[in-house]
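Working notes, beginning with the structure itself.
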Amino acid sequence: MKAADKTPKQIPVTVLTGFLGAGKTTLLNRILTEHHGRRIAVIENEFGPEGVDNDLLIQDRDEQIIEMNNGCVCCTVRGDLVRILIDLKDKQRAGALNYERVIIETTGMANPGPVCQTFFMEDEVASYFRLDAVITVVDAKHGMQTLDEQPEALNQVGFADRLLVSKVDLVDDADYQALRSRLVHINPRATITPVNFGEVDLKEILDINGFNLNAILDIDPEFLAEEHPDAAEHGHDHGHDHGHDHAHEHGEQCAVDGCSDPSHHHAHGHHHHHHDDAIGAFVFKSDKPFDPMRLEEFLGGVVQVYGTDLLRYKGILYMSGVNRRMLFQGVHMLMGADAGRAWAPGEKRGSKLVFIGRNLPRDVFMHGLEQCLV
């Protein structure tokens, strides 16, 4: 029972994100007031010198609310997040605090990427805390406009393990389905669930192991249906002009949200998606095995070049000479692989990887991965 006597099981951490007004605080209140019997420490990040969300949260004796002011939880203040987490660890071990999980509520303007990286780059944090999942709330009423105008909202959707769509009662079904379709194209691996005033089954958002290599690789069948049958040649580029992808590296892309240049829209005449989203996804599938050395060299190279624009990538790998499924995932420039279960006798073997990122040169990835096959 004494946390100070030994290192406990890693504390799961949920990152709760979503653009301004999407309903994050409503959802957080729902979590805090639910009779789930779990002790939760909440780290809030306010944008501006004075926080207000803390006053809006319903608290009881089991909740610990820690507030971070003066900006987003991002690269500039990631050190503050590390210090808060280490302080939580030290107080838990000393018996001054007692909690079973942590929820980080980011400001609506935050990119979740640096928050996620904290749990892989900081050894003292990673040894005590385990990043469980990124939960993103999307406002059904204003979601389309926000995705058009705010790059941060695209980042939030791209990083999500679960997408919760709020205020569905304020739109008709056609508008909701259009938004849902767009979310699928940006992030086909995230489950999409409508929520009403934050009412969601907590089993759907807590302890879901979104960053666990052993978790199932979920890809929305709606996305795969449109990838088939010739995804390797065409697939979804969401209006990206792959003829000049390389000119868009490192933040010089024209395919940013809200770009009004008519020459930049629908570069390939796509009629299913009328938004020039800078962030999109594509899937690579093959029933041929990878050559381990070639694959490691290729992935190392693309991560060095495109790592800052790679939000999430994850997959199951069929490797030559390996009798187990290899489970692979990464965030930005950090990637790792682990051995999964053994291939069953007679089981069809194959690889499936999903890449979610900003203006990624899809053809470079697809052709490069094909060159790594045996």
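Numbering starts fresh at 1 for the residues of each chain in the structure tokens, the chains themselves are lettered A, B, ... in the order given, and ligands are numbered from 1 as they appear.
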
Check which residues of region 134-214 of chain A sit at most 12 Å from region 315-324 of chain A using only C-alpha atoms, and return one row each with the closest pair of atoms and their distance in Å to one decimal, ordered by chain and rising number, as a Markdown table.
| residue | atom | partner | partner_atom | distance |
| --- | --- | --- | --- | --- |
| A:Arg189 | CA | A:Gly315 | CA | 10.5 |
| A:Phe211 | CA | A:Gly315 | CA | 11.8 |
| A:Asn212 | CA | A:Gly315 | CA | 11.5 |
| A:Leu213 | CA | A:Gly315 | CA | 8.7 |
| A:Asn214 | CA | A:Ile316 | CA | 9.6 |

Take the residues from that selection and write them out as a PDB file, in the first residue's frame, keeping C-alpha atoms.
ATOM      1  CA  ARG A 189      -7.397   4.965 -36.610  1.00  0.00           C
ATOM      2  CA  PHE A 211       0.041   4.109 -26.979  1.00  0.00           C
ATOM      3  CA  ASN A 212       0.531   0.431 -26.185  1.00  0.00           C
ATOM      4  CA  LEU A 213       2.271  -1.453 -28.967  1.00  0.00           C
ATOM      5  CA  ASN A 214       0.133  -4.468 -28.162  1.00  0.00           C
TER       6      ASN A 214
END

Exercise. Excluding region 168-182 of chain A and any residue of its chain fewer than 4 positions from it, enumerate the residues within 8 Å of it, using only C-alpha atoms, and give them as a ChimeraX atom specification.
Key: /A:139-141,143-144,186,192,194-196,273

Would you save the residues of that selection, restricted to all heavy atoms, as a CSV table (one decimal), in the first residue's frame?
chain,number,residue,atom,x,y,z
A,139,ASP,N,-16.2,19.9,-31.8
A,139,ASP,CA,-17.5,20.6,-31.7
A,139,ASP,C,-18.2,20.4,-33.1
A,139,ASP,O,-17.7,20.8,-34.1
A,139,ASP,CB,-17.2,22.1,-31.5
A,139,ASP,CG,-18.5,23.0,-31.5
A,139,ASP,OD1,-19.5,22.5,-31.9
A,139,ASP,OD2,-18.4,24.1,-31.0
A,140,ALA,N,-19.3,19.7,-33.0
A,140,ALA,CA,-20.1,19.4,-34.3
A,140,ALA,C,-20.5,20.7,-35.0
A,140,ALA,O,-20.6,20.7,-36.2
A,140,ALA,CB,-21.2,18.5,-34.0
A,141,LYS,N,-20.9,21.7,-34.2
A,141,LYS,CA,-21.5,22.9,-34.7
A,141,LYS,C,-20.4,23.7,-35.5
A,141,LYS,O,-20.7,24.2,-36.5
A,141,LYS,CB,-22.1,23.7,-33.6
A,141,LYS,CG,-22.7,25.0,-34.0
A,141,LYS,CD,-24.0,24.9,-34.9
A,141,LYS,CE,-24.7,26.2,-35.1
A,141,LYS,NZ,-25.8,26.0,-36.0
A,143,GLY,N,-17.1,22.6,-35.9
A,143,GLY,CA,-15.9,21.7,-36.2
A,143,GLY,C,-15.4,21.9,-37.6
A,143,GLY,O,-14.1,22.1,-37.8
A,144,MET,N,-16.2,22.0,-38.6
A,144,MET,CA,-15.7,22.2,-40.0
A,144,MET,C,-15.0,23.5,-40.1
A,144,MET,O,-13.9,23.6,-40.7
A,144,MET,CB,-16.9,22.2,-41.0
A,144,MET,CG,-17.4,20.8,-41.3
A,144,MET,SD,-16.2,19.9,-42.3
A,144,MET,CE,-17.3,18.6,-43.0
A,186,ILE,N,-8.8,12.4,-41.9
A,186,ILE,CA,-7.6,13.0,-41.2
A,186,ILE,C,-7.0,11.9,-40.3
A,186,ILE,O,-5.8,11.8,-40.3
A,186,ILE,CB,-8.1,14.2,-40.4
A,186,ILE,CG1,-8.6,15.3,-41.3
A,186,ILE,CG2,-6.9,14.7,-39.5
A,186,ILE,CD1,-9.2,16.5,-40.5
A,192,ILE,N,-14.7,7.2,-33.4
A,192,ILE,CA,-15.5,8.5,-33.4
A,192,ILE,C,-16.8,8.2,-32.6
A,192,ILE,O,-17.5,7.3,-33.0
A,192,ILE,CB,-15.7,9.0,-34.8
A,192,ILE,CG1,-14.4,9.3,-35.5
A,192,ILE,CG2,-16.6,10.3,-34.7
A,192,ILE,CD1,-14.6,9.6,-37.0
A,194,PRO,N,-20.2,10.2,-30.8
A,194,PRO,CA,-21.0,11.4,-30.5
A,194,PRO,C,-21.2,11.4,-28.9
A,194,PRO,O,-21.4,10.4,-28.3
A,194,PRO,CB,-22.3,11.3,-31.2
A,194,PRO,CG,-22.1,10.2,-32.2
A,194,PRO,CD,-21.1,9.3,-31.6
A,195,VAL,N,-21.1,12.6,-28.3
A,195,VAL,CA,-21.3,12.7,-26.9
A,195,VAL,C,-22.2,13.9,-26.6
A,195,VAL,O,-22.3,14.9,-27.3
A,195,VAL,CB,-20.0,12.9,-26.1
A,195,VAL,CG1,-19.1,11.7,-26.2
A,195,VAL,CG2,-19.3,14.2,-26.6
A,196,ASN,N,-23.0,13.7,-25.6
A,196,ASN,CA,-24.0,14.8,-25.2
A,196,ASN,C,-23.6,15.3,-23.8
A,196,ASN,O,-23.7,14.5,-22.8
A,196,ASN,CB,-25.4,14.2,-25.2
A,196,ASN,CG,-26.5,15.2,-24.9
A,196,ASN,OD1,-26.3,16.4,-25.3
A,196,ASN,ND2,-27.5,14.9,-24.1
A,273,HIS,N,-14.0,15.2,-51.1
A,273,HIS,CA,-13.5,15.9,-49.9
A,273,HIS,C,-13.2,17.3,-50.4
A,273,HIS,O,-12.3,17.6,-51.1
A,273,HIS,CB,-12.3,15.2,-49.4
A,273,HIS,CG,-11.8,15.7,-48.1
A,273,HIS,ND1,-12.4,16.8,-47.5
A,273,HIS,CD2,-10.7,15.4,-47.3
A,273,HIS,CE1,-11.7,17.0,-46.3
A,273,HIS,NE2,-10.7,16.2,-46.3

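Remark: for Gly23 (chain A), the closest of the candidate residues A:Leu164, A:Leu131, A:Ile219, A:Ala278 is A:Leu164 (distances computed over only C-alpha atoms).
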
Determine, counting only C-alpha atoms, which protein, DNA and RNA residues have an atom within 9 Å of an atom of region 125-130 of chain A; residues of the same chain fewer than 3 positions away are not included. Present the result as a PDB file with all heavy atoms, in the first residue's frame.
ATOM      1  N   THR A   7       8.482   1.108  -6.134  1.00  0.00           N
ATOM      2  CA  THR A   7       7.937   1.764  -7.318  1.00  0.00           C
ATOM      3  C   THR A   7       6.627   1.099  -7.698  1.00  0.00           C
ATOM      4  O   THR A   7       6.582  -0.106  -7.928  1.00  0.00           O
ATOM      5  CB  THR A   7       8.933   1.668  -8.492  1.00  0.00           C
ATOM      6  OG1 THR A   7      10.145   2.280  -8.105  1.00  0.00           O
ATOM      7  CG2 THR A   7       8.372   2.353  -9.719  1.00  0.00           C
ATOM      8  N   PRO A   8       5.537   1.847  -7.767  1.00  0.00           N
ATOM      9  CA  PRO A   8       4.249   1.236  -8.092  1.00  0.00           C
ATOM     10  C   PRO A   8       4.150   0.967  -9.584  1.00  0.00           C
ATOM     11  O   PRO A   8       5.028   1.330 -10.367  1.00  0.00           O
ATOM     12  CB  PRO A   8       3.257   2.314  -7.669  1.00  0.00           C
ATOM     13  CG  PRO A   8       3.995   3.590  -7.882  1.00  0.00           C
ATOM     14  CD  PRO A   8       5.436   3.296  -7.571  1.00  0.00           C
ATOM     15  N   LYS A   9       3.069   0.303  -9.941  1.00  0.00           N
ATOM     16  CA  LYS A   9       2.767   0.138 -11.349  1.00  0.00           C
ATOM     17  C   LYS A   9       2.666   1.516 -11.978  1.00  0.00           C
ATOM     18  O   LYS A   9       2.236   2.472 -11.347  1.00  0.00           O
ATOM     19  CB  LYS A   9       1.450  -0.617 -11.478  1.00  0.00           C
ATOM     20  CG  LYS A   9       1.059  -0.970 -12.892  1.00  0.00           C
ATOM     21  CD  LYS A   9      -0.246  -1.745 -12.891  1.00  0.00           C
ATOM     22  CE  LYS A   9      -0.675  -2.079 -14.316  1.00  0.00           C
ATOM     23  NZ  LYS A   9      -1.957  -2.820 -14.320  1.00  0.00           N
ATOM     24  N   GLN A  10       3.086   1.632 -13.251  1.00  0.00           N
ATOM     25  CA  GLN A  10       3.076   2.950 -13.894  1.00  0.00           C
ATOM     26  C   GLN A  10       1.683   3.583 -13.854  1.00  0.00           C
ATOM     27  O   GLN A  10       0.675   2.921 -14.069  1.00  0.00           O
ATOM     28  CB  GLN A  10       3.540   2.823 -15.339  1.00  0.00           C
ATOM     29  CG  GLN A  10       5.057   2.685 -15.491  1.00  0.00           C
ATOM     30  CD  GLN A  10       5.421   2.570 -16.948  1.00  0.00           C
ATOM     31  OE1 GLN A  10       4.950   1.684 -17.652  1.00  0.00           O
ATOM     32  NE2 GLN A  10       6.261   3.477 -17.420  1.00  0.00           N
ATOM     33  N   ILE A  11       1.676   4.876 -13.579  1.00  0.00           N
ATOM     34  CA  ILE A  11       0.425   5.634 -13.504  1.00  0.00           C
ATOM     35  C   ILE A  11      -0.035   5.976 -14.919  1.00  0.00           C
ATOM     36  O   ILE A  11       0.715   6.597 -15.690  1.00  0.00           O
ATOM     37  CB  ILE A  11       0.626   6.936 -12.704  1.00  0.00           C
ATOM     38  CG1 ILE A  11       1.100   6.633 -11.280  1.00  0.00           C
ATOM     39  CG2 ILE A  11      -0.647   7.770 -12.697  1.00  0.00           C
ATOM     40  CD1 ILE A  11       0.073   5.950 -10.414  1.00  0.00           C
ATOM     41  N   PRO A  12      -1.263   5.599 -15.321  1.00  0.00           N
ATOM     42  CA  PRO A  12      -1.733   5.942 -16.667  1.00  0.00           C
ATOM     43  C   PRO A  12      -2.078   7.426 -16.765  1.00  0.00           C
ATOM     44  O   PRO A  12      -2.643   8.017 -15.843  1.00  0.00           O
ATOM     45  CB  PRO A  12      -2.973   5.074 -16.850  1.00  0.00           C
ATOM     46  CG  PRO A  12      -3.458   4.799 -15.459  1.00  0.00           C
ATOM     47  CD  PRO A  12      -2.242   4.777 -14.577  1.00  0.00           C
ATOM     48  N   VAL A  13      -1.744   8.008 -17.918  1.00  0.00           N
ATOM     49  CA  VAL A  13      -1.988   9.432 -18.170  1.00  0.00           C
ATOM     50  C   VAL A  13      -2.844   9.571 -19.420  1.00  0.00           C
ATOM     51  O   VAL A  13      -2.537   8.999 -20.467  1.00  0.00           O
ATOM     52  CB  VAL A  13      -0.675  10.207 -18.350  1.00  0.00           C
ATOM     53  CG1 VAL A  13      -0.961  11.685 -18.641  1.00  0.00           C
ATOM     54  CG2 VAL A  13       0.216  10.068 -17.116  1.00  0.00           C
ATOM     55  N   THR A  14      -3.918  10.342 -19.301  1.00  0.00           N
ATOM     56  CA  THR A  14      -4.782  10.656 -20.435  1.00  0.00           C
ATOM     57  C   THR A  14      -4.601  12.120 -20.791  1.00  0.00           C
ATOM     58  O   THR A  14      -4.669  12.986 -19.918  1.00  0.00           O
ATOM     59  CB  THR A  14      -6.259  10.391 -20.082  1.00  0.00           C
ATOM     60  OG1 THR A  14      -6.428   9.021 -19.747  1.00  0.00           O
ATOM     61  CG2 THR A  14      -7.170  10.743 -21.255  1.00  0.00           C
ATOM     62  N   VAL A  82       7.099  18.642 -17.153  1.00  0.00           N
ATOM     63  CA  VAL A  82       7.997  17.646 -16.562  1.00  0.00           C
ATOM     64  C   VAL A  82       8.134  17.882 -15.062  1.00  0.00           C
ATOM     65  O   VAL A  82       8.049  16.946 -14.254  1.00  0.00           O
ATOM     66  CB  VAL A  82       9.378  17.688 -17.250  1.00  0.00           C
ATOM     67  CG1 VAL A  82      10.390  16.819 -16.496  1.00  0.00           C
ATOM     68  CG2 VAL A  82       9.269  17.251 -18.701  1.00  0.00           C
ATOM     69  N   LEU A  85       4.939  16.795 -13.224  1.00  0.00           N
ATOM     70  CA  LEU A  85       4.822  15.338 -13.153  1.00  0.00           C
ATOM     71  C   LEU A  85       5.791  14.756 -12.133  1.00  0.00           C
ATOM     72  O   LEU A  85       5.433  13.857 -11.357  1.00  0.00           O
ATOM     73  CB  LEU A  85       5.052  14.725 -14.539  1.00  0.00           C
ATOM     74  CG  LEU A  85       3.933  14.963 -15.564  1.00  0.00           C
ATOM     75  CD1 LEU A  85       4.402  14.585 -16.962  1.00  0.00           C
ATOM     76  CD2 LEU A  85       2.680  14.171 -15.190  1.00  0.00           C
ATOM     77  N   ILE A  86       7.017  15.254 -12.133  1.00  0.00           N
ATOM     78  CA  ILE A  86       7.992  14.757 -11.157  1.00  0.00           C
ATOM     79  C   ILE A  86       7.557  15.121  -9.743  1.00  0.00           C
ATOM     80  O   ILE A  86       7.707  14.327  -8.794  1.00  0.00           O
ATOM     81  CB  ILE A  86       9.399  15.302 -11.481  1.00  0.00           C
ATOM     82  CG1 ILE A  86       9.891  14.681 -12.798  1.00  0.00           C
ATOM     83  CG2 ILE A  86      10.377  15.015 -10.343  1.00  0.00           C
ATOM     84  CD1 ILE A  86      11.201  15.255 -13.295  1.00  0.00           C
ATOM     85  N   LYS A  89       4.959  12.715  -8.724  1.00  0.00           N
ATOM     86  CA  LYS A  89       5.593  11.441  -8.374  1.00  0.00           C
ATOM     87  C   LYS A  89       6.187  11.495  -6.975  1.00  0.00           C
ATOM     88  O   LYS A  89       5.961  10.598  -6.142  1.00  0.00           O
ATOM     89  CB  LYS A  89       6.693  11.115  -9.392  1.00  0.00           C
ATOM     90  CG  LYS A  89       7.430   9.821  -9.100  1.00  0.00           C
ATOM     91  CD  LYS A  89       8.752   9.754  -9.839  1.00  0.00           C
ATOM     92  CE  LYS A  89       9.769  10.681  -9.161  1.00  0.00           C
ATOM     93  NZ  LYS A  89      11.134  10.485  -9.688  1.00  0.00           N
ATOM     94  N   ARG A 101      -4.431   7.905 -11.383  1.00  0.00           N
ATOM     95  CA  ARG A 101      -4.239   8.269 -12.783  1.00  0.00           C
ATOM     96  C   ARG A 101      -4.119   9.777 -12.879  1.00  0.00           C
ATOM     97  O   ARG A 101      -4.456  10.514 -11.948  1.00  0.00           O
ATOM     98  CB  ARG A 101      -5.393   7.781 -13.655  1.00  0.00           C
ATOM     99  CG  ARG A 101      -6.744   8.454 -13.392  1.00  0.00           C
ATOM    100  CD  ARG A 101      -7.807   7.945 -14.349  1.00  0.00           C
ATOM    101  NE  ARG A 101      -7.917   6.501 -14.273  1.00  0.00           N
ATOM    102  CZ  ARG A 101      -7.460   5.676 -15.220  1.00  0.00           C
ATOM    103  NH1 ARG A 101      -6.904   6.170 -16.318  1.00  0.00           N
ATOM    104  NH2 ARG A 101      -7.591   4.386 -15.087  1.00  0.00           N
ATOM    105  N   VAL A 102      -3.641  10.235 -14.037  1.00  0.00           N
ATOM    106  CA  VAL A 102      -3.474  11.664 -14.295  1.00  0.00           C
ATOM    107  C   VAL A 102      -4.212  12.000 -15.583  1.00  0.00           C
ATOM    108  O   VAL A 102      -4.155  11.248 -16.563  1.00  0.00           O
ATOM    109  CB  VAL A 102      -1.987  12.053 -14.421  1.00  0.00           C
ATOM    110  CG1 VAL A 102      -1.839  13.522 -14.808  1.00  0.00           C
ATOM    111  CG2 VAL A 102      -1.239  11.767 -13.116  1.00  0.00           C
ATOM    112  N   THR A 118       6.871  14.003 -24.186  1.00  0.00           N
ATOM    113  CA  THR A 118       7.398  14.081 -22.827  1.00  0.00           C
ATOM    114  C   THR A 118       7.499  12.699 -22.197  1.00  0.00           C
ATOM    115  O   THR A 118       8.449  12.407 -21.465  1.00  0.00           O
ATOM    116  CB  THR A 118       6.487  14.977 -21.956  1.00  0.00           C
ATOM    117  OG1 THR A 118       6.435  16.280 -22.529  1.00  0.00           O
ATOM    118  CG2 THR A 118       6.995  15.074 -20.532  1.00  0.00           C
ATOM    119  N   PHE A 119       6.558  11.829 -22.501  1.00  0.00           N
ATOM    120  CA  PHE A 119       6.513  10.514 -21.861  1.00  0.00           C
ATOM    121  C   PHE A 119       7.471   9.517 -22.500  1.00  0.00           C
ATOM    122  O   PHE A 119       7.602   8.390 -22.016  1.00  0.00           O
ATOM    123  CB  PHE A 119       5.076   9.982 -21.890  1.00  0.00           C
ATOM    124  CG  PHE A 119       4.137  10.826 -21.091  1.00  0.00           C
ATOM    125  CD1 PHE A 119       3.475  11.899 -21.678  1.00  0.00           C
ATOM    126  CD2 PHE A 119       3.947  10.592 -19.745  1.00  0.00           C
ATOM    127  CE1 PHE A 119       2.625  12.702 -20.936  1.00  0.00           C
ATOM    128  CE2 PHE A 119       3.097  11.389 -19.000  1.00  0.00           C
ATOM    129  CZ  PHE A 119       2.444  12.449 -19.591  1.00  0.00           C
ATOM    130  N   PHE A 120       8.132   9.931 -23.562  1.00  0.00           N
ATOM    131  CA  PHE A 120       9.131   9.077 -24.191  1.00  0.00           C
ATOM    132  C   PHE A 120      10.539   9.651 -24.072  1.00  0.00           C
ATOM    133  O   PHE A 120      11.521   8.917 -24.122  1.00  0.00           O
ATOM    134  CB  PHE A 120       8.787   8.878 -25.677  1.00  0.00           C
ATOM    135  CG  PHE A 120       7.459   8.221 -25.891  1.00  0.00           C
ATOM    136  CD1 PHE A 120       6.334   8.971 -26.170  1.00  0.00           C
ATOM    137  CD2 PHE A 120       7.321   6.846 -25.798  1.00  0.00           C
ATOM    138  CE1 PHE A 120       5.099   8.376 -26.361  1.00  0.00           C
ATOM    139  CE2 PHE A 120       6.085   6.236 -25.988  1.00  0.00           C
ATOM    140  CZ  PHE A 120       4.974   6.999 -26.279  1.00  0.00           C
ATOM    141  N   MET A 121      10.643  10.963 -23.919  1.00  0.00           N
ATOM    142  CA  MET A 121      11.953  11.619 -23.926  1.00  0.00           C
ATOM    143  C   MET A 121      12.504  11.847 -22.527  1.00  0.00           C
ATOM    144  O   MET A 121      13.709  11.993 -22.357  1.00  0.00           O
ATOM    145  CB  MET A 121      11.850  12.961 -24.665  1.00  0.00           C
ATOM    146  CG  MET A 121      11.487  12.819 -26.126  1.00  0.00           C
ATOM    147  SD  MET A 121      11.351  14.429 -26.968  1.00  0.00           S
ATOM    148  CE  MET A 121      13.051  14.969 -26.968  1.00  0.00           C
ATOM    149  N   GLU A 122      11.647  11.915 -21.522  1.00  0.00           N
ATOM    150  CA  GLU A 122      12.089  12.207 -20.162  1.00  0.00           C
ATOM    151  C   GLU A 122      12.064  10.922 -19.342  1.00  0.00           C
ATOM    152  O   GLU A 122      11.004  10.417 -18.986  1.00  0.00           O
ATOM    153  CB  GLU A 122      11.172  13.265 -19.525  1.00  0.00           C
ATOM    154  CG  GLU A 122      11.056  14.558 -20.321  1.00  0.00           C
ATOM    155  CD  GLU A 122      12.356  15.358 -20.319  1.00  0.00           C
ATOM    156  OE1 GLU A 122      13.200  15.112 -19.426  1.00  0.00           O
ATOM    157  OE2 GLU A 122      12.511  16.220 -21.203  1.00  0.00           O
ATOM    158  N   PHE A 211      -1.388   4.052 -26.685  1.00  0.00           N
ATOM    159  CA  PHE A 211       0.041   4.109 -26.979  1.00  0.00           C
ATOM    160  C   PHE A 211       0.741   2.795 -26.644  1.00  0.00           C
ATOM    161  O   PHE A 211       1.953   2.741 -26.564  1.00  0.00           O
ATOM    162  CB  PHE A 211       0.697   5.271 -26.221  1.00  0.00           C
ATOM    163  CG  PHE A 211       0.573   6.580 -26.930  1.00  0.00           C
ATOM    164  CD1 PHE A 211      -0.595   7.314 -26.858  1.00  0.00           C
ATOM    165  CD2 PHE A 211       1.615   7.076 -27.707  1.00  0.00           C
ATOM    166  CE1 PHE A 211      -0.721   8.526 -27.526  1.00  0.00           C
ATOM    167  CE2 PHE A 211       1.498   8.270 -28.379  1.00  0.00           C
ATOM    168  CZ  PHE A 211       0.326   9.004 -28.291  1.00  0.00           C
TER     169      PHE A 211
END

Practice problem: Tell me, in Å to one decimal, how far CA of Val134 (chain A) is from CA of Glu149 (chain A). | Solution: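 Interatomic distance, CA of Val134 (chain A) to CA of Glu149 (chain A): 21.9 Å.
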
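Picture a line from CA of Leu327 (chain A) to CA of Asp309 (chain A); it runs 21.6 Å.
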
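Closest approach to Val283 (chain A) among A:Thr26, A:Asn187, A:Thr193, A:Asn359 is made by A:Asn187 (distances from only C-alpha atoms).
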
Practice problem: Can you pull out every residue within 10 Å of Met335 (chain A), counting only C-alpha atoms, but drop anything in the same chain fewer than 4 positions away, and send it as a VMD selection string? | Solution: chain A and resid 120 299 to 300 303 307 312 to 314 328 to 331

Pull N, CA, C and O atoms from the residues just selected and write them as a short mmCIF file (atom, residue, chain, number, x, y, z; two decimals), in the first residue's frame.
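Output (part17.cif):
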data_model
loop_
_atom_site.label_atom_id
_atom_site.label_comp_id
_atom_site.auth_asym_id
_atom_site.auth_seq_id
_atom_site.Cartn_x
_atom_site.Cartn_y
_atom_site.Cartn_z
N PHE A 120 8.13 9.93 -23.56
CA PHE A 120 9.13 9.08 -24.19
C PHE A 120 10.54 9.65 -24.07
O PHE A 120 11.52 8.92 -24.12
N LEU A 299 12.90 3.53 -42.74
CA LEU A 299 12.14 4.24 -41.72
C LEU A 299 13.01 5.24 -40.98
O LEU A 299 12.58 6.36 -40.67
N GLY A 300 14.25 4.88 -40.72
CA GLY A 300 15.17 5.82 -40.08
C GLY A 300 15.37 7.07 -40.91
O GLY A 300 15.42 8.19 -40.40
N VAL A 303 12.01 9.27 -41.07
CA VAL A 303 11.77 9.92 -39.79
C VAL A 303 12.72 11.11 -39.62
O VAL A 303 12.32 12.16 -39.09
N GLY A 307 10.12 13.76 -39.74
CA GLY A 307 9.69 13.49 -38.37
C GLY A 307 8.83 14.57 -37.75
O GLY A 307 7.86 14.29 -37.05
N ARG A 312 1.37 10.65 -35.94
CA ARG A 312 1.29 9.30 -35.40
C ARG A 312 1.50 8.32 -36.53
O ARG A 312 1.02 8.51 -37.64
N TYR A 313 2.20 7.25 -36.24
CA TYR A 313 2.31 6.15 -37.19
C TYR A 313 2.40 4.86 -36.40
O TYR A 313 3.00 4.81 -35.32
N LYS A 314 1.72 3.84 -36.91
CA LYS A 314 1.56 2.62 -36.13
C LYS A 314 1.23 1.48 -37.06
O LYS A 314 0.60 1.69 -38.09
N PHE A 328 4.67 -1.94 -34.24
CA PHE A 328 5.50 -0.77 -34.50
C PHE A 328 4.66 0.49 -34.34
O PHE A 328 3.51 0.55 -34.75
N GLN A 329 5.25 1.52 -33.70
CA GLN A 329 4.57 2.82 -33.67
C GLN A 329 5.57 3.92 -33.37
O GLN A 329 6.67 3.67 -32.88
N GLY A 330 5.14 5.14 -33.67
CA GLY A 330 6.01 6.28 -33.42
C GLY A 330 5.22 7.56 -33.27
O GLY A 330 4.05 7.66 -33.67
N VAL A 331 5.88 8.55 -32.69
CA VAL A 331 5.37 9.90 -32.54
C VAL A 331 6.48 10.83 -32.99
O VAL A 331 7.58 10.81 -32.43
#

Self-check item: Residue contacts of Gln156 (chain A) (7 Å, only C-alpha atoms) excluding same-chain residues fewer than 2 positions away, as a ChimeraX atom specification
Solution: /A:17-18,111-112,136,152-154,158-160
